[in-house]
file run.cif (mmCIF, C-alpha atoms)
data_upload
loop_
_atom_site.label_atom_id
_atom_site.label_comp_id
_atom_site.auth_asym_id
_atom_site.auth_seq_id
_atom_site.Cartn_x
_atom_site.Cartn_y
_atom_site.Cartn_z
CA MET E 66 18.65 -20.90 -11.92
CA ASN E 67 15.26 -19.43 -12.79
CA GLU E 68 14.50 -15.70 -12.77
CA ALA E 69 13.03 -15.74 -9.26
CA GLY E 70 16.07 -17.66 -7.99
CA ALA E 71 18.31 -14.96 -9.43
CA LEU E 72 16.79 -12.50 -6.93
CA LEU E 73 17.79 -14.48 -3.82
CA PRO E 74 21.33 -13.01 -3.64
CA PHE E 75 19.83 -9.51 -3.73
CA PHE E 76 17.45 -10.37 -0.89
CA GLU E 77 20.33 -11.84 1.12
CA TRP E 78 22.35 -8.69 0.52
CA CYS E 79 19.42 -6.51 1.66
CA GLN E 80 19.10 -8.40 4.92
CA ASP E 81 22.88 -8.28 5.50
CA THR E 82 23.12 -4.50 5.09
CA PHE E 83 23.69 -2.25 8.08
CA ILE E 84 20.04 -1.18 8.01
CA GLY E 85 18.73 -4.75 7.82
CA GLN E 86 20.95 -5.89 10.66
CA ALA E 87 20.27 -2.83 12.81
CA VAL E 88 16.50 -3.27 12.60
CA SER E 89 16.50 -7.04 13.05
CA GLN E 90 18.94 -7.03 15.99
CA SER E 91 17.28 -4.20 17.90
CA VAL E 92 14.78 -5.05 20.61
CA TRP E 93 12.62 -2.02 19.83
CA ALA E 94 13.23 -1.02 16.22
CA PHE E 95 11.07 -3.62 14.47
CA PRO E 96 7.99 -3.22 16.72
CA VAL E 97 8.18 0.60 16.61
CA ILE E 98 8.59 0.60 12.82
CA GLU E 99 5.78 -1.97 12.47
CA ALA E 100 3.47 0.14 14.65
CA THR E 101 4.27 3.23 12.56
CA HIS E 102 3.62 1.20 9.40
CA LEU E 103 0.21 0.23 10.79
CA VAL E 104 -0.61 3.87 11.56
CA GLY E 105 0.21 4.56 7.90
CA LEU E 106 -2.10 1.71 6.91
CA CYS E 107 -4.92 3.30 8.90
CA LEU E 108 -4.34 6.70 7.29
CA LEU E 109 -4.13 5.12 3.85
CA GLY E 110 -7.27 3.08 4.43
CA GLY E 111 -9.18 6.13 5.60
CA SER E 112 -8.07 8.36 2.74
CA VAL E 113 -8.84 5.67 0.17
CA LEU E 114 -12.13 4.50 1.65
CA ILE E 115 -13.64 7.94 2.17
CA VAL E 116 -13.34 8.67 -1.56
CA ASP E 117 -14.15 5.16 -2.76
CA MET E 118 -17.25 4.92 -0.58
CA ARG E 119 -18.38 8.28 -1.95
CA MET E 120 -17.82 6.96 -5.48
CA LEU E 121 -20.04 4.02 -4.55
CA GLY E 122 -22.72 6.45 -3.35
CA ALA E 123 -22.32 5.62 0.33
CA GLY E 124 -21.58 8.47 2.70
CA LEU E 125 -20.88 12.17 2.30
CA THR E 126 -23.29 12.35 -0.62
CA ARG E 127 -23.72 16.11 -0.20
CA GLN E 128 -20.06 16.62 -1.11
CA GLY E 129 -18.82 16.22 -4.67
CA ILE E 130 -16.44 13.37 -5.43
CA GLY E 131 -13.79 15.70 -6.82
CA GLU E 132 -13.86 17.99 -3.80
CA LEU E 133 -13.64 15.06 -1.41
CA SER E 134 -10.79 13.56 -3.42
CA ARG E 135 -8.85 16.86 -3.31
CA HIS E 136 -9.22 17.05 0.47
CA ALA E 137 -8.18 13.43 0.97
CA ARG E 138 -5.19 13.56 -1.41
CA PRO E 139 -2.63 15.01 1.04
CA TRP E 140 -3.52 12.26 3.52
CA LEU E 141 -3.25 9.66 0.79
CA VAL E 142 0.15 10.87 -0.42
CA GLY E 143 1.49 11.29 3.12
CA SER E 144 0.35 7.84 4.19
CA ILE E 145 1.89 6.26 1.09
CA GLY E 146 5.19 7.99 1.85
CA LEU E 147 5.08 6.81 5.46
CA MET E 148 4.26 3.25 4.45
CA ILE E 149 6.98 3.08 1.80
CA ALA E 150 9.60 4.38 4.24
CA THR E 151 8.62 2.03 7.05
CA GLY E 152 7.95 -0.86 4.67
CA PHE E 153 11.47 -0.50 3.28
CA LEU E 154 12.93 -0.79 6.78
CA LEU E 155 10.75 -3.80 7.64
CA PHE E 156 11.67 -5.49 4.37
CA MET E 157 15.39 -4.93 4.89
CA SER E 158 15.23 -6.59 8.30
CA GLU E 159 13.60 -9.78 7.02
CA ALA E 160 14.27 -9.84 3.30
CA ILE E 161 14.98 -13.57 3.11
CA LYS E 162 11.70 -14.37 4.89
CA CYS E 163 9.96 -12.11 2.36
CA TYR E 164 11.64 -13.85 -0.56
CA TYR E 165 10.04 -17.16 0.41
CA ASN E 166 6.68 -15.63 1.38
CA THR E 167 3.85 -15.79 -1.20
CA SER E 168 1.96 -12.99 0.57
CA PHE E 169 4.95 -10.68 0.11
CA TRP E 170 4.94 -11.32 -3.65
CA VAL E 171 1.17 -10.76 -3.87
CA LYS E 172 1.63 -7.43 -2.08
CA ILE E 173 4.62 -6.35 -4.17
CA ILE E 174 2.84 -7.16 -7.41
CA THR E 175 -0.49 -5.60 -6.39
CA LEU E 176 0.95 -2.43 -4.81
CA PRO E 177 2.12 -0.78 -8.05
CA LEU E 178 -1.18 -1.74 -9.68
CA ALA E 179 -3.13 -0.09 -6.84
CA LEU E 180 -0.93 3.02 -6.96
CA ALA E 181 -1.24 3.34 -10.74
CA PHE E 182 -4.99 2.77 -10.62
CA THR E 183 -5.41 5.32 -7.82
CA PHE E 184 -3.35 8.09 -9.41
CA ARG E 185 -4.25 7.46 -13.05
CA VAL E 186 -7.78 6.10 -13.20
CA ARG E 187 -9.51 6.98 -9.93
CA GLU E 188 -8.23 10.56 -9.80
CA ARG E 189 -9.23 11.16 -13.42
CA VAL E 190 -12.77 9.91 -12.76
CA ALA E 191 -12.99 11.92 -9.53
CA ARG E 192 -11.94 15.14 -11.31
CA GLU E 193 -14.58 14.95 -14.02
CA PRO E 194 -16.79 18.01 -13.70
CA GLY E 195 -20.28 17.42 -12.45
CA LEU E 196 -19.56 13.79 -11.76
CA ASP E 197 -21.92 12.35 -9.23
CA THR E 198 -22.25 8.70 -8.34
CA SER E 199 -22.67 6.77 -11.57
CA LEU E 200 -22.06 3.27 -12.83
CA ARG E 201 -18.55 4.34 -13.82
CA SER E 202 -17.74 5.83 -10.42
CA ARG E 203 -19.15 2.74 -8.69
CA LEU E 204 -16.96 0.43 -10.79
CA VAL E 205 -13.88 2.55 -10.17
CA GLY E 206 -14.60 2.76 -6.43
CA ALA E 207 -15.16 -1.00 -6.17
CA ALA E 208 -11.98 -1.76 -8.13
CA SER E 209 -9.99 0.61 -5.94
CA ILE E 210 -11.28 -1.02 -2.76
CA ALA E 211 -10.49 -4.48 -4.15
CA LEU E 212 -6.94 -3.51 -5.09
CA TRP E 213 -6.13 -1.79 -1.80
CA PHE E 214 -7.77 -4.56 0.21
CA THR E 215 -5.53 -7.07 -1.57
CA VAL E 216 -2.42 -5.00 -0.79
CA ALA E 217 -3.40 -4.59 2.86
CA ALA E 218 -4.49 -8.18 3.41
CA ALA E 219 -1.36 -9.59 1.75
CA GLY E 220 0.79 -7.21 3.79
CA ARG E 221 -0.83 -8.23 7.05
CA TRP E 222 -0.56 -11.91 6.10
CA ILE E 223 3.23 -11.58 5.70
CA GLY E 224 3.50 -11.46 9.48
CA PHE E 225 1.40 -14.60 9.91
CA SER E 226 3.14 -16.83 7.38
#
call {"tool": "encode", "arguments": {"input": "run.cif", "output": "structure tokens"}}
result
Amino acid sequence: MNEAGALLPFFEWCQDTFIGQAVSQSVWAFPVIEATHLVGLCLLGGSVLIVDMRMLGAGLTRQGIGELSRHARPWLVGSIGLMIATGFLLFMSEAIKCYYNTSFWVKIITLPLALAFTFRVRERVAREPGLDTSLRSRLVGAASIALWFTVAAAGRWIGFS
């Protein structure tokens, strides 16, 4: 059995837990959790894009990048918390489907990269004093958008594959 195959029993166990069964067998749980997850996606998208677009030099150019980033951070952190909580419940209810879904693996691999980039690289660049839109901020903003777009697109594609 290869390494990926070794994970299948864990995914089966996840789906067979009380939480997995409760969500998958309920008429309302999955759609309500999914809708809440999508609200989190909207909040995440807004809090990421407002800063990244500013880093690219588009929009809110009268406000400093650092100031904008500080104001958006609570929304970013809150939306990530909401999405992790609801994503966990959604995963538990269809873990075996996720195991065989390439989009799920793209999302799960890209998500920690996007989180690390956001909280390590992007925040550091945004906090630099006197930083206005520069080549560096544009590259960081573009990379952030690309990473988060990949996470969001892969996540949405899970439901269609």
call {"tool": "residues_around", "arguments": {"input": "run.cif", "residues": "E:Ala217", "least_positions_apart": "6", "cutoff": "9 Å", "atoms": "only C-alpha atoms", "output": "VMD selection string"}}
result
chain E and resid 106 110 172
call {"tool": "residues_around", "arguments": {"input": "run.cif", "residues": "E:Thr167", "least_positions_apart": "3", "cutoff": "10 Å", "atoms": "all atoms listed in the file", "output": "list in words"}}
result
Cys163, Tyr164, Trp170, Val171, Lys172, Ile173, Ala219, Trp222, Ile223 and Ser226 of chain E
call {"tool": "atom_distance", "arguments": {"input": "run.cif", "atom1": "atom CA of E:Gly122", "atom2": "atom CA of E:Arg203"}}
result
7.4 Å
call {"tool": "closest_residue", "arguments": {"input": "run.cif", "among": "E:Leu108, E:Met118, E:Ala94, E:Val216", "to": "E:Phe169", "atoms": "only C-alpha atoms"}}
result
E:Val216
call {"tool": "atom_distance", "arguments": {"input": "run.cif", "atom1": "atom CA of E:Arg119", "atom2": "atom CA of E:Ala208"}}
result
13.4 Å
call {"tool": "resolve_selection", "arguments": {"input": "run.cif", "expression": "the PyMOL selection byres ((chain E and resi 72-83) around 7)", "output": "number ranges by chain"}}
result
E: 69-71, 84-87, 157-161, 164
call {"tool": "resolve_selection", "arguments": {"input": "run.cif", "expression": "the PyMOL selection byres ((chain E and resi 144) around 10)", "output": "list in words"}}
result
His102, Val104, Gly105, Leu106, Cys107, Leu108, Leu109, Gly110, Gly111, Ser112, Arg138, Pro139, Trp140, Leu141, Val142, Gly143, Ile145, Gly146, Leu147, Met148, Ile149 and Ala150 of chain E
call {"tool": "residues_around", "arguments": {"input": "run.cif", "residues": "E:Val97", "least_positions_apart": "4", "cutoff": "12 Å", "atoms": "all atoms listed in the file", "output": "list in words"}}
result
Val88, Ser89, Ser91, Val92, Trp93, Thr101, His102, Leu103, Val104, Thr151, Leu154 and Leu155 of chain E
call {"tool": "atom_distance", "arguments": {"input": "run.cif", "atom1": "atom CA of E:Ala179", "atom2": "atom CA of E:Ser209"}}
result
7.0 Å
call {"tool": "resolve_selection", "arguments": {"input": "run.cif", "expression": "the PyMOL selection byres ((chain E and resi 115) around 10)", "output": "PyMOL selection string"}}
result
chain E and resi 110-114+116-120+123-125+130+133-134+137
call {"tool": "closest_residue", "arguments": {"input": "run.cif", "among": "E:Leu200, E:Ile98, E:Leu121, E:Ala218", "to": "E:Leu176", "atoms": "only C-alpha atoms"}}
result
E:Ala218
call {"tool": "closest_residue", "arguments": {"input": "run.cif", "among": "E:Gly224, E:His136, E:Ser202, E:Pro177", "to": "E:Arg189", "atoms": "only C-alpha atoms"}}
result
E:Ser202
call {"tool": "closest_residue", "arguments": {"input": "run.cif", "among": "E:Phe225, E:Gln128, E:Arg187, E:Phe182", "to": "E:Lys162", "atoms": "all atoms listed in the file"}}
result
E:Phe225
call {"tool": "axis_aligned_box", "arguments": {"input": "run.cif", "around": "stretch 120-123 of chain E", "padding_each_side": "6 Å", "output": "AutoDock Vina command-line options"}}
result
--center_x -20.3 --center_y 5.5 --center_z -2.6 --size_x 16.9 --size_y 14.9 --size_z 17.8
call {"tool": "residues_around", "arguments": {"input": "run.cif", "residues": "E:Val190", "least_positions_apart": "2", "cutoff": "9 Å", "atoms": "only C-alpha atoms", "output": "ChimeraX atom specification"}}
result
/E:130-131,185-188,192-193,196,201-202,205
call {"tool": "decode", "arguments": {"input": "run.cif", "residues": "stretch 115-158 of chain E", "atoms": "C-alpha atoms", "output": "mmCIF file, in the first residue's frame"}}
result
data_model
loop_
_atom_site.group_PDB
_atom_site.id
_atom_site.type_symbol
_atom_site.label_atom_id
_atom_site.label_comp_id
_atom_site.auth_asym_id
_atom_site.auth_seq_id
_atom_site.Cartn_x
_atom_site.Cartn_y
_atom_site.Cartn_z
ATOM 1 C CA ILE E 115 -9.027 44.627 -0.246
ATOM 2 C CA VAL E 116 -5.408 44.441 0.951
ATOM 3 C CA ASP E 117 -4.037 42.638 -2.096
ATOM 4 C CA MET E 118 -5.658 45.074 -4.515
ATOM 5 C CA ARG E 119 -4.180 47.944 -2.501
ATOM 6 C CA MET E 120 -0.776 46.252 -2.728
ATOM 7 C CA LEU E 121 -1.272 46.133 -6.492
ATOM 8 C CA GLY E 122 -2.049 49.865 -6.490
ATOM 9 C CA ALA E 123 -5.726 49.448 -7.311
ATOM 10 C CA GLY E 124 -8.239 51.015 -4.958
ATOM 11 C CA LEU E 125 -8.029 52.836 -1.640
ATOM 12 C CA THR E 126 -4.748 54.426 -2.680
ATOM 13 C CA ARG E 127 -5.156 57.232 -0.144
ATOM 14 C CA GLN E 128 -4.874 54.702 2.684
ATOM 15 C CA GLY E 129 -1.570 53.095 3.602
ATOM 16 C CA ILE E 130 -1.166 49.369 3.028
ATOM 17 C CA GLY E 131 -0.277 48.717 6.665
ATOM 18 C CA GLU E 132 -3.275 50.603 7.994
ATOM 19 C CA LEU E 133 -5.625 48.819 5.615
ATOM 20 C CA SER E 134 -4.092 45.465 6.527
ATOM 21 C CA ARG E 135 -4.575 46.149 10.258
ATOM 22 C CA HIS E 136 -8.243 46.994 9.717
ATOM 23 C CA ALA E 137 -8.849 43.916 7.555
ATOM 24 C CA ARG E 138 -7.001 41.477 9.837
ATOM 25 C CA PRO E 139 -9.870 40.765 12.279
ATOM 26 C CA TRP E 140 -12.120 39.947 9.323
ATOM 27 C CA LEU E 141 -9.420 37.750 7.838
ATOM 28 C CA VAL E 142 -8.818 35.825 11.064
ATOM 29 C CA GLY E 143 -12.535 35.501 11.811
ATOM 30 C CA SER E 144 -13.343 34.242 8.328
ATOM 31 C CA ILE E 145 -10.516 31.706 8.472
ATOM 32 C CA GLY E 146 -11.843 30.425 11.801
ATOM 33 C CA LEU E 147 -15.364 30.167 10.398
ATOM 34 C CA MET E 148 -14.173 28.361 7.285
ATOM 35 C CA ILE E 149 -12.007 25.898 9.205
ATOM 36 C CA ALA E 150 -14.869 25.045 11.571
ATOM 37 C CA THR E 151 -17.439 24.585 8.809
ATOM 38 C CA GLY E 152 -14.924 22.949 6.467
ATOM 39 C CA PHE E 153 -14.145 20.364 9.147
ATOM 40 C CA LEU E 154 -17.839 19.479 9.432
ATOM 41 C CA LEU E 155 -18.272 19.279 5.651
ATOM 42 C CA PHE E 156 -15.172 17.110 5.339
ATOM 43 C CA MET E 157 -16.310 14.734 8.074
ATOM 44 C CA SER E 158 -19.621 14.175 6.296
#
